[in-house]
$ cat query_27.pdb   # PDB, C-alpha atoms
ATOM      1  CA  MET A   1     -65.607 -28.136 -35.436
ATOM      2  CA  THR A   2     -64.503 -28.004 -39.058
ATOM      3  CA  THR A   3     -66.508 -29.785 -41.735
ATOM      4  CA  VAL A   4     -64.352 -32.307 -43.570
ATOM      5  CA  THR A   5     -65.344 -34.639 -46.368
ATOM      6  CA  ALA A   6     -63.798 -38.090 -46.619
ATOM      7  CA  THR A   7     -63.485 -39.162 -50.215
ATOM      8  CA  ILE A   8     -64.050 -42.850 -50.742
ATOM      9  CA  ASP A   9     -62.412 -43.634 -54.066
ATOM     10  CA  THR A  10     -60.916 -46.869 -55.395
ATOM     11  CA  THR A  11     -58.249 -44.926 -57.313
ATOM     12  CA  ARG A  12     -56.802 -43.158 -54.243
ATOM     13  CA  PRO A  13     -53.947 -45.115 -52.657
ATOM     14  CA  VAL A  14     -54.836 -44.202 -49.070
ATOM     15  CA  ALA A  15     -54.800 -46.329 -45.949
ATOM     16  CA  THR A  16     -58.277 -46.473 -44.439
ATOM     17  CA  LEU A  17     -58.517 -47.216 -40.733
ATOM     18  CA  ILE A  18     -61.772 -48.627 -39.433
ATOM     19  CA  ASN A  19     -61.568 -49.015 -35.675
ATOM     20  CA  VAL A  20     -64.558 -50.497 -33.842
ATOM     21  CA  PHE A  21     -64.794 -49.762 -30.128
ATOM     22  CA  THR A  22     -67.277 -51.698 -27.990
ATOM     23  CA  VAL A  23     -68.487 -49.571 -25.070
ATOM     24  CA  THR A  24     -71.240 -49.434 -22.514
ATOM     25  CA  PRO A  25     -73.953 -46.994 -23.626
ATOM     26  CA  ASP A  26     -73.182 -44.602 -20.760
ATOM     27  CA  ARG A  27     -69.593 -44.179 -22.087
ATOM     28  CA  GLN A  28     -70.320 -43.741 -25.810
ATOM     29  CA  ASP A  29     -70.546 -39.925 -25.817
ATOM     30  CA  GLU A  30     -67.509 -39.626 -23.563
ATOM     31  CA  LEU A  31     -65.437 -41.802 -25.912
ATOM     32  CA  ILE A  32     -66.476 -39.771 -28.956
ATOM     33  CA  ALA A  33     -65.539 -36.550 -27.155
ATOM     34  CA  LEU A  34     -62.137 -38.027 -26.263
ATOM     35  CA  LEU A  35     -61.513 -39.192 -29.837
ATOM     36  CA  ALA A  36     -62.522 -35.796 -31.243
ATOM     37  CA  ARG A  37     -60.240 -33.980 -28.796
ATOM     38  CA  ALA A  38     -57.323 -36.341 -29.554
ATOM     39  CA  THR A  39     -57.830 -35.775 -33.266
ATOM     40  CA  GLU A  40     -57.884 -31.990 -32.928
ATOM     41  CA  GLU A  41     -54.923 -31.851 -30.531
ATOM     42  CA  THR A  42     -52.653 -34.543 -31.961
ATOM     43  CA  MET A  43     -53.764 -36.799 -34.801
ATOM     44  CA  LYS A  44     -54.493 -34.158 -37.415
ATOM     45  CA  HIS A  45     -50.992 -32.762 -36.925
ATOM     46  CA  GLN A  46     -49.331 -36.088 -37.726
ATOM     47  CA  PRO A  47     -47.690 -36.437 -41.150
ATOM     48  CA  GLY A  48     -49.998 -38.162 -43.621
ATOM     49  CA  PHE A  49     -53.241 -37.593 -41.704
ATOM     50  CA  ILE A  50     -56.174 -36.911 -44.046
ATOM     51  CA  CYS A  51     -59.364 -37.116 -41.979
ATOM     52  CA  ALA A  52     -61.210 -38.875 -39.163
ATOM     53  CA  ASN A  53     -64.916 -39.462 -38.619
ATOM     54  CA  PHE A  54     -66.638 -40.927 -35.582
ATOM     55  CA  HIS A  55     -69.864 -42.892 -35.796
ATOM     56  CA  ALA A  56     -72.093 -43.813 -32.836
ATOM     57  CA  SER A  57     -74.317 -46.874 -33.030
ATOM     58  CA  GLU A  58     -77.971 -46.286 -32.215
ATOM     59  CA  ASP A  59     -77.836 -48.882 -29.421
ATOM     60  CA  GLY A  60     -74.972 -46.989 -27.732
ATOM     61  CA  GLU A  61     -72.671 -50.008 -27.727
ATOM     62  CA  ARG A  62     -70.281 -49.187 -30.574
ATOM     63  CA  VAL A  63     -68.159 -46.282 -31.740
ATOM     64  CA  ILE A  64     -66.543 -46.526 -35.141
ATOM     65  CA  ASN A  65     -63.548 -44.432 -36.084
ATOM     66  CA  TYR A  66     -63.252 -44.150 -39.874
ATOM     67  CA  ALA A  67     -59.976 -42.418 -40.727
ATOM     68  CA  GLN A  68     -57.818 -41.956 -43.790
ATOM     69  CA  TRP A  69     -54.019 -41.704 -43.940
ATOM     70  CA  GLU A  70     -51.908 -40.974 -47.021
ATOM     71  CA  SER A  71     -50.217 -44.371 -46.674
ATOM     72  CA  GLU A  72     -49.841 -47.327 -44.367
ATOM     73  CA  ASP A  73     -46.358 -46.031 -43.516
ATOM     74  CA  HIS A  74     -47.871 -42.753 -42.270
ATOM     75  CA  TYR A  75     -50.372 -44.682 -40.158
ATOM     76  CA  ARG A  76     -47.604 -46.903 -38.697
ATOM     77  CA  ALA A  77     -45.467 -43.838 -37.905
ATOM     78  CA  MET A  78     -48.394 -42.340 -35.981
ATOM     79  CA  LEU A  79     -48.700 -45.585 -33.991
ATOM     80  CA  ALA A  80     -45.052 -45.237 -32.964
ATOM     81  CA  ASN A  81     -45.488 -41.620 -31.828
ATOM     82  CA  PRO A  82     -45.609 -41.478 -27.989
ATOM     83  CA  GLU A  83     -47.929 -38.445 -28.007
ATOM     84  CA  ALA A  84     -50.450 -40.235 -30.233
ATOM     85  CA  ARG A  85     -50.047 -43.437 -28.219
ATOM     86  CA  VAL A  86     -51.247 -41.683 -25.048
ATOM     87  CA  HIS A  87     -54.544 -40.786 -26.738
ATOM     88  CA  MET A  88     -54.999 -44.276 -28.168
ATOM     89  CA  ASP A  89     -54.416 -45.840 -24.757
ATOM     90  CA  GLN A  90     -56.950 -43.465 -23.178
ATOM     91  CA  ALA A  91     -59.547 -44.377 -25.814
ATOM     92  CA  ALA A  92     -58.910 -48.094 -25.331
ATOM     93  CA  ALA A  93     -59.560 -47.697 -21.594
ATOM     94  CA  PHE A  94     -63.163 -46.666 -22.376
ATOM     95  CA  ALA A  95     -63.864 -49.811 -24.361
ATOM     96  CA  THR A  96     -64.428 -53.452 -23.537
ATOM     97  CA  ASP A  97     -63.056 -54.326 -26.996
ATOM     98  CA  VAL A  98     -61.087 -52.419 -29.655
ATOM     99  CA  GLN A  99     -60.641 -53.728 -33.200
ATOM    100  CA  PRO A 100     -58.505 -51.479 -35.443
ATOM    101  CA  ARG A 101     -57.970 -52.666 -39.017
ATOM    102  CA  LEU A 102     -56.541 -51.083 -42.160
ATOM    103  CA  PHE A 103     -58.581 -51.385 -45.334
ATOM    104  CA  ARG A 104     -58.250 -50.580 -49.023
ATOM    105  CA  VAL A 105     -61.323 -49.321 -50.882
ATOM    106  CA  ARG A 106     -62.204 -51.902 -53.526
ATOM    107  CA  SER A 107     -65.624 -50.803 -54.739
ATOM    108  CA  THR A 108     -67.862 -47.733 -54.429
ATOM    109  CA  HIS A 109     -71.471 -47.182 -55.499
ATOM    110  CA  GLY A 110     -73.699 -44.143 -55.632
ATOM    111  CA  THR A 111     -76.446 -42.414 -57.527
ATOM    112  CA  GLY A 112     -74.100 -40.654 -59.939
ATOM    113  CA  ARG A 113     -74.973 -37.263 -58.458
ATOM    114  CA  PRO A 114     -72.001 -35.299 -57.108
ATOM    115  CA  THR A 115     -71.864 -36.229 -53.417
ATOM    116  CA  ALA A 116     -69.357 -37.452 -50.909
ATOM    117  CA  CYS A 117     -69.786 -40.512 -48.744
TER     118      CYS A 117
END
$ encode --input "query_27.pdb" --output "structure tokens"
Amino acid sequence: MTTVTATIDTTRPVATLINVFTVTPDRQDELIALLARATEETMKHQPGFICANFHASEDGERVINYAQWESEDHYRAMLANPEARVHMDQAAAFATDVQPRLFRVRSTHGTGRPTAC
């Protein structure tokens, strides 16, 4: 797996996807593996893709996909791609609830030391 840094910056006009999947704890790892595979095989090859990160809740009941796209248009084009759609449908089958939303970064805070969030 390649190390990628997501830059959270109010001056970058990117579309930020935050997708919350609700899962049973016994499916959390399986969903993350599926999302990682879909990203490597398909999503990262879509025009406008910047990065994707997957977060697992400590209670095992949530997976959060934090992804960045160059624009909302790029994100919408990916949604219309049949190859990408297959992966999204597979991921949704793991979850009891899926809540994808696009966000714009409005405020960031840090220690002032050079780091990435």
$ residues_around --input "query_27.pdb" --residues "region 43-59 of chain A" --least-positions-apart "4" --cutoff "8 Å" --atoms "all atoms listed in the file" --output "list in words"
Val4, Thr5, Ala6, Pro25, Gln28, Ile32, Leu35, Ala36, Ala38, Thr39, Val63, Ile64, Asn65, Tyr66, Ala67, Gln68, Trp69, Glu70, Ser71, His74, Tyr75, Met78 and Ala84 of chain A
$ residues_around --input "query_27.pdb" --residues "region 88-101 of chain A" --least-positions-apart "2" --cutoff "9 Å" --atoms "all atoms listed in the file" --output "CSV table (one decimal) with C-alpha atoms, in the coordinates of the input"
chain,number,residue,atom,x,y,z
A,16,THR,CA,-58.3,-46.5,-44.4
A,17,LEU,CA,-58.5,-47.2,-40.7
A,18,ILE,CA,-61.8,-48.6,-39.4
A,19,ASN,CA,-61.6,-49.0,-35.7
A,20,VAL,CA,-64.6,-50.5,-33.8
A,21,PHE,CA,-64.8,-49.8,-30.1
A,22,THR,CA,-67.3,-51.7,-28.0
A,23,VAL,CA,-68.5,-49.6,-25.1
A,24,THR,CA,-71.2,-49.4,-22.5
A,27,ARG,CA,-69.6,-44.2,-22.1
A,28,GLN,CA,-70.3,-43.7,-25.8
A,30,GLU,CA,-67.5,-39.6,-23.6
A,31,LEU,CA,-65.4,-41.8,-25.9
A,32,ILE,CA,-66.5,-39.8,-29.0
A,34,LEU,CA,-62.1,-38.0,-26.3
A,35,LEU,CA,-61.5,-39.2,-29.8
A,38,ALA,CA,-57.3,-36.3,-29.6
A,62,ARG,CA,-70.3,-49.2,-30.6
A,65,ASN,CA,-63.5,-44.4,-36.1
A,79,LEU,CA,-48.7,-45.6,-34.0
A,84,ALA,CA,-50.4,-40.2,-30.2
A,85,ARG,CA,-50.0,-43.4,-28.2
A,86,VAL,CA,-51.2,-41.7,-25.0
A,103,PHE,CA,-58.6,-51.4,-45.3
$ axis_aligned_box --input "query_27.pdb" --around "region 41-55 of chain A" --padding-each-side "3 Å" --output "JSON"
{"center_x": -58.8, "center_y": -37.4, "center_z": -37.3, "size_x": 28.2, "size_y": 17.0, "size_z": 19.5}
$ atom_distance --input "query_27.pdb" --atom1 "CA of Asp9 (chain A)" --atom2 "CA of Asp29 (chain A)"
29.6 Å
$ atom_distance --input "query_27.pdb" --atom1 "CA of Pro13 (chain A)" --atom2 "CA of Arg106 (chain A)"
10.7 Å
$ resolve_selection --input "query_27.pdb" --expression "the PyMOL selection byres ((chain A and resi 108) around 12)" --output "mmCIF file with C-alpha atoms, in the frame of the given file"
data_model
loop_
_atom_site.group_PDB
_atom_site.id
_atom_site.type_symbol
_atom_site.label_atom_id
_atom_site.label_comp_id
_atom_site.auth_asym_id
_atom_site.auth_seq_id
_atom_site.Cartn_x
_atom_site.Cartn_y
_atom_site.Cartn_z
ATOM 1 C CA THR A 7 -63.485 -39.162 -50.215
ATOM 2 C CA ILE A 8 -64.050 -42.850 -50.742
ATOM 3 C CA ASP A 9 -62.412 -43.634 -54.066
ATOM 4 C CA THR A 10 -60.916 -46.869 -55.395
ATOM 5 C CA THR A 11 -58.249 -44.926 -57.313
ATOM 6 C CA ARG A 12 -56.802 -43.158 -54.243
ATOM 7 C CA ARG A 104 -58.250 -50.580 -49.023
ATOM 8 C CA VAL A 105 -61.323 -49.321 -50.882
ATOM 9 C CA ARG A 106 -62.204 -51.902 -53.526
ATOM 10 C CA SER A 107 -65.624 -50.803 -54.739
ATOM 11 C CA HIS A 109 -71.471 -47.182 -55.499
ATOM 12 C CA GLY A 110 -73.699 -44.143 -55.632
ATOM 13 C CA THR A 111 -76.446 -42.414 -57.527
ATOM 14 C CA GLY A 112 -74.100 -40.654 -59.939
ATOM 15 C CA ALA A 116 -69.357 -37.452 -50.909
ATOM 16 C CA CYS A 117 -69.786 -40.512 -48.744
#
$ atom_distance --input "query_27.pdb" --atom1 "CA of Arg37 (chain A)" --atom2 "CA of Arg76 (chain A)"
20.6 Å
$ decode --input "query_27.pdb" --residues "region 40-63 of chain A" --atoms "N, CA and C atoms" --output "PDB file, in the first residue's frame"
ATOM      1  N   GLU A  40      -7.884   0.834  -5.232  1.00  0.00           N
ATOM      2  CA  GLU A  40      -6.682   0.490  -5.991  1.00  0.00           C
ATOM      3  C   GLU A  40      -7.019   0.079  -7.423  1.00  0.00           C
ATOM      4  N   GLU A  41      -8.090  -0.688  -7.601  1.00  0.00           N
ATOM      5  CA  GLU A  41      -8.421  -1.218  -8.922  1.00  0.00           C
ATOM      6  C   GLU A  41      -9.150  -0.213  -9.816  1.00  0.00           C
ATOM      7  N   THR A  42      -9.978   0.643  -9.218  1.00  0.00           N
ATOM      8  CA  THR A  42     -10.865   1.471 -10.035  1.00  0.00           C
ATOM      9  C   THR A  42     -10.822   2.949  -9.683  1.00  0.00           C
ATOM     10  N   MET A  43     -11.119   3.277  -8.432  1.00  0.00           N
ATOM     11  CA  MET A  43     -11.340   4.683  -8.073  1.00  0.00           C
ATOM     12  C   MET A  43     -10.139   5.573  -8.356  1.00  0.00           C
ATOM     13  N   LYS A  44      -8.947   5.112  -8.023  1.00  0.00           N
ATOM     14  CA  LYS A  44      -7.789   5.991  -8.194  1.00  0.00           C
ATOM     15  C   LYS A  44      -7.428   6.221  -9.657  1.00  0.00           C
ATOM     16  N   HIS A  45      -8.068   5.488 -10.548  1.00  0.00           N
ATOM     17  CA  HIS A  45      -7.842   5.672 -11.981  1.00  0.00           C
ATOM     18  C   HIS A  45      -8.903   6.570 -12.619  1.00  0.00           C
ATOM     19  N   GLN A  46      -9.852   7.024 -11.819  1.00  0.00           N
ATOM     20  CA  GLN A  46     -10.901   7.904 -12.332  1.00  0.00           C
ATOM     21  C   GLN A  46     -10.371   9.331 -12.433  1.00  0.00           C
ATOM     22  N   PRO A  47     -10.762  10.062 -13.466  1.00  0.00           N
ATOM     23  CA  PRO A  47     -10.330  11.459 -13.585  1.00  0.00           C
ATOM     24  C   PRO A  47     -10.754  12.260 -12.353  1.00  0.00           C
ATOM     25  N   GLY A  48      -9.836  13.048 -11.831  1.00  0.00           N
ATOM     26  CA  GLY A  48     -10.130  13.926 -10.706  1.00  0.00           C
ATOM     27  C   GLY A  48      -9.938  13.311  -9.338  1.00  0.00           C
ATOM     28  N   PHE A  49      -9.647  12.013  -9.260  1.00  0.00           N
ATOM     29  CA  PHE A  49      -9.421  11.380  -7.961  1.00  0.00           C
ATOM     30  C   PHE A  49      -8.141  11.928  -7.339  1.00  0.00           C
ATOM     31  N   ILE A  50      -8.189  12.276  -6.057  1.00  0.00           N
ATOM     32  CA  ILE A  50      -7.003  12.747  -5.347  1.00  0.00           C
ATOM     33  C   ILE A  50      -6.544  11.704  -4.336  1.00  0.00           C
ATOM     34  N   CYS A  51      -7.437  11.319  -3.410  1.00  0.00           N
ATOM     35  CA  CYS A  51      -7.038  10.353  -2.387  1.00  0.00           C
ATOM     36  C   CYS A  51      -8.270   9.782  -1.696  1.00  0.00           C
ATOM     37  N   ALA A  52      -8.071   8.678  -0.998  1.00  0.00           N
ATOM     38  CA  ALA A  52      -9.126   8.077  -0.176  1.00  0.00           C
ATOM     39  C   ALA A  52      -8.484   7.508   1.072  1.00  0.00           C
ATOM     40  N   ASN A  53      -9.167   7.644   2.185  1.00  0.00           N
ATOM     41  CA  ASN A  53      -8.726   7.121   3.471  1.00  0.00           C
ATOM     42  C   ASN A  53      -9.905   6.413   4.115  1.00  0.00           C
ATOM     43  N   PHE A  54      -9.626   5.323   4.811  1.00  0.00           N
ATOM     44  CA  PHE A  54     -10.685   4.558   5.453  1.00  0.00           C
ATOM     45  C   PHE A  54     -10.411   4.504   6.948  1.00  0.00           C
ATOM     46  N   HIS A  55     -11.429   4.812   7.715  1.00  0.00           N
ATOM     47  CA  HIS A  55     -11.318   4.879   9.169  1.00  0.00           C
ATOM     48  C   HIS A  55     -12.278   3.862   9.775  1.00  0.00           C
ATOM     49  N   ALA A  56     -11.810   3.102  10.760  1.00  0.00           N
ATOM     50  CA  ALA A  56     -12.623   2.099  11.439  1.00  0.00           C
ATOM     51  C   ALA A  56     -12.906   2.564  12.863  1.00  0.00           C
ATOM     52  N   SER A  57     -14.183   2.585  13.232  1.00  0.00           N
ATOM     53  CA  SER A  57     -14.515   2.979  14.600  1.00  0.00           C
ATOM     54  C   SER A  57     -14.054   1.891  15.570  1.00  0.00           C
ATOM     55  N   GLU A  58     -13.707   2.297  16.751  1.00  0.00           N
ATOM     56  CA  GLU A  58     -13.224   1.360  17.774  1.00  0.00           C
ATOM     57  C   GLU A  58     -14.285   0.341  18.169  1.00  0.00           C
ATOM     58  N   ASP A  59     -15.566   0.711  18.063  1.00  0.00           N
ATOM     59  CA  ASP A  59     -16.628  -0.236  18.427  1.00  0.00           C
ATOM     60  C   ASP A  59     -16.961  -1.214  17.301  1.00  0.00           C
ATOM     61  N   GLY A  60     -16.330  -1.038  16.131  1.00  0.00           N
ATOM     62  CA  GLY A  60     -16.538  -1.947  15.006  1.00  0.00           C
ATOM     63  C   GLY A  60     -17.791  -1.686  14.193  1.00  0.00           C
ATOM     64  N   GLU A  61     -18.554  -0.657  14.543  1.00  0.00           N
ATOM     65  CA  GLU A  61     -19.849  -0.447  13.911  1.00  0.00           C
ATOM     66  C   GLU A  61     -19.867   0.596  12.796  1.00  0.00           C
ATOM     67  N   ARG A  62     -18.757   1.273  12.566  1.00  0.00           N
ATOM     68  CA  ARG A  62     -18.725   2.294  11.521  1.00  0.00           C
ATOM     69  C   ARG A  62     -17.417   2.185  10.731  1.00  0.00           C
ATOM     70  N   VAL A  63     -17.537   2.494   9.449  1.00  0.00           N
ATOM     71  CA  VAL A  63     -16.391   2.697   8.573  1.00  0.00           C
ATOM     72  C   VAL A  63     -16.631   4.045   7.920  1.00  0.00           C
TER      73      VAL A  63
END
